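*Asks:* Here you go, model.txt (compact mmCIF, C-alpha atoms and all ligand atoms):
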# COMPACT_ATOMS: atom_id res chain seq x y z
CA MET A 209 -59.26 -67.74 -54.22
CA SER A 210 -57.19 -64.85 -53.04
CA ALA A 211 -58.70 -61.83 -51.41
CA ASN A 212 -55.71 -59.72 -52.32
CA SER A 213 -56.34 -56.81 -54.67
CA ASP A 214 -59.88 -57.93 -55.26
CA PRO A 215 -61.98 -54.77 -55.36
CA LYS A 216 -65.09 -56.82 -54.76
CA ALA A 217 -63.66 -58.37 -51.62
CA CYS A 218 -62.61 -54.91 -50.44
CA ALA A 219 -66.08 -53.52 -51.11
CA GLU A 220 -67.62 -56.39 -49.20
CA PHE A 221 -65.24 -55.98 -46.33
CA GLN A 222 -65.77 -52.24 -46.21
CA ALA A 223 -69.52 -52.73 -46.30
CA GLN A 224 -69.17 -54.90 -43.21
CA LEU A 225 -66.76 -52.55 -41.49
CA PRO A 226 -69.30 -50.54 -39.48
CA GLU A 227 -70.81 -53.76 -38.17
CA LEU A 228 -67.42 -55.26 -37.45
CA LEU A 229 -66.30 -52.14 -35.65
CA GLY A 230 -69.55 -51.97 -33.74
CA SER A 231 -69.31 -55.59 -32.70
CA GLY A 232 -66.01 -54.92 -30.97
CA LEU A 233 -64.33 -57.84 -32.69
CA ASP A 234 -60.58 -57.79 -33.10
CA LEU A 235 -60.31 -56.77 -36.73
CA ALA A 236 -56.61 -57.57 -36.82
CA ASN A 237 -57.65 -61.21 -37.09
CA HIS A 238 -60.00 -60.63 -39.97
CA PRO A 239 -58.88 -62.81 -42.91
CA HIS A 240 -59.42 -60.08 -45.46
CA LEU A 241 -57.72 -57.39 -43.43
CA SER A 242 -54.62 -59.46 -42.77
CA GLY A 243 -54.15 -59.92 -46.53
CA CYS A 244 -55.15 -56.47 -47.69
CA PRO A 245 -52.90 -53.46 -47.06
CA LEU A 246 -55.52 -51.22 -48.65
CA CYS A 247 -58.09 -52.06 -46.05
CA GLN A 248 -55.49 -51.94 -43.30
CA ALA A 249 -54.77 -48.35 -44.32
CA LEU A 250 -58.46 -47.61 -44.54
CA LEU A 251 -59.05 -49.01 -41.08
CA SER A 252 -56.26 -46.99 -39.53
CA ASP A 253 -57.68 -43.89 -41.21
CA LEU A 254 -61.08 -44.73 -39.81
CA GLU A 255 -59.64 -45.18 -36.36
CA THR A 256 -57.95 -41.80 -36.59
CA ILE A 257 -61.20 -40.22 -37.70
CA ALA A 258 -63.19 -42.03 -35.03
CA GLU A 259 -60.78 -40.85 -32.38
CA ALA A 260 -61.03 -37.26 -33.61
CA ALA A 261 -64.80 -37.51 -33.75
CA ARG A 262 -64.90 -38.83 -30.21
CA GLN A 263 -62.99 -35.80 -29.03
CA LEU A 264 -65.22 -33.47 -31.02
CA LEU A 265 -68.47 -35.05 -29.92
CA ALA A 266 -67.55 -35.29 -26.26
CA PRO A 267 -65.73 -31.99 -25.80
CA VAL A 268 -66.34 -31.17 -22.17
CA ALA A 269 -67.98 -33.80 -20.09
CA GLU A 270 -69.54 -31.61 -17.46
CA PRO A 271 -68.74 -33.03 -14.07
CA PRO A 272 -72.01 -34.00 -12.46
CA ASP A 273 -71.08 -32.28 -9.20
CA GLN A 274 -73.71 -29.63 -9.69
CA LEU A 275 -76.30 -32.22 -10.53
CA TRP A 276 -75.54 -34.13 -7.35
CA GLU A 277 -75.80 -30.93 -5.33
CA GLN A 278 -79.19 -30.29 -6.84
CA ILE A 279 -80.33 -33.81 -6.06
CA GLU A 280 -78.99 -33.63 -2.54
CA SER A 281 -80.63 -30.32 -1.78
CA ALA A 282 -83.85 -31.56 -3.33
CA LEU A 283 -83.73 -34.59 -1.06
CA ARG A 284 -82.97 -32.44 1.96
CA GLU A 285 -85.86 -30.17 1.11
CA GLN A 286 -88.14 -33.15 0.81
CA GLU A 287 -87.04 -34.53 4.18
CA SER A 288 -87.33 -31.31 6.11
CA GLY A 289 -90.13 -29.90 4.01
CA THR A 290 -92.56 -32.69 4.79
CA ALA A 291 -92.48 -31.89 8.52
CA GLU A 292 -95.77 -30.15 9.07
ZN ZN B 301 -59.37 -54.89 -48.90
Output the structure of this file as structure tokens.
Ligand SMILES: [Zn+2]
*Replies:*
Amino acid sequence: MSANSDPKACAEFQAQLPELLGSGLDLANHPHLSGCPLCQALLSDLETIAEAARQLLAPVAEPPDQLWEQIESALREQESGTAE
């Protein structure tokens, strides 16, 4: 039974894709993917999209410097503020 050009196998594989991607498995070793150029193309499209989405969703990671300053000054206030 060949997985090549079997729309059902592709549909099954694609249905599993989110899980497979989420599991962090190496999809290059997936038996269906290695025999199916269609799904290889799909996966590389997905990876391109995922990469773009990552950049869109995490545009500017604010450096937590300010947060640390706030924590530090809060701690300092607590230390000195509790004296009488
Ligand atoms: Zn396929």
*Asks:* Report the distance between CA of Leu254 (chain A) and CA of Asp214 (chain A) in Å, rounded to one decimal place.
*Replies:* 20.4 Å
*Asks:* Grab the CA of Gln274 (chain A) to CA of Glu259 (chain A) distance for me, in Å with one decimal place.
*Replies:* 28.4 Å
*Asks:* Residues contacting ligand ZN 301 (chain B) - anything with an atom at most 6 Å away, using all atoms listed in the file - can you give me those as a list in words?
*Replies:*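 My answer, listing the contacting residues, is Cys218, Cys244, Leu246 and Cys247 of chain A.
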*Asks:* Find the residues around region 229-242 of chain A up to 10 Å (only C-alpha atoms counted), leave out those fewer than 5 positions away in its own chain, and share them as number ranges by chain.
*Replies:* A: 210-212, 217-218, 220-222, 224, 247-251, 254-255
*Asks:* What box, with edges along x, y and z, holds each listed atom of region 226-245 of chain A when 4 Å is added on every side, and can you state its centre and edge lengths in Å to one decimal, as lines of an AutoDock Vina configuration file?
*Replies:*
center_x = -61.9
center_y = -56.7
center_z = -39.3
size_x = 25.9
size_y = 20.3
size_z = 24.7
*Asks:* So the first atom is CA of Gln278 (chain A) and the second is CA of Ala266 (chain A); what is the distance between them in Å, to one decimal place?
*Replies:*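 Separation between CA of Gln278 (chain A) and CA of Ala266 (chain A): 23.2 Å.
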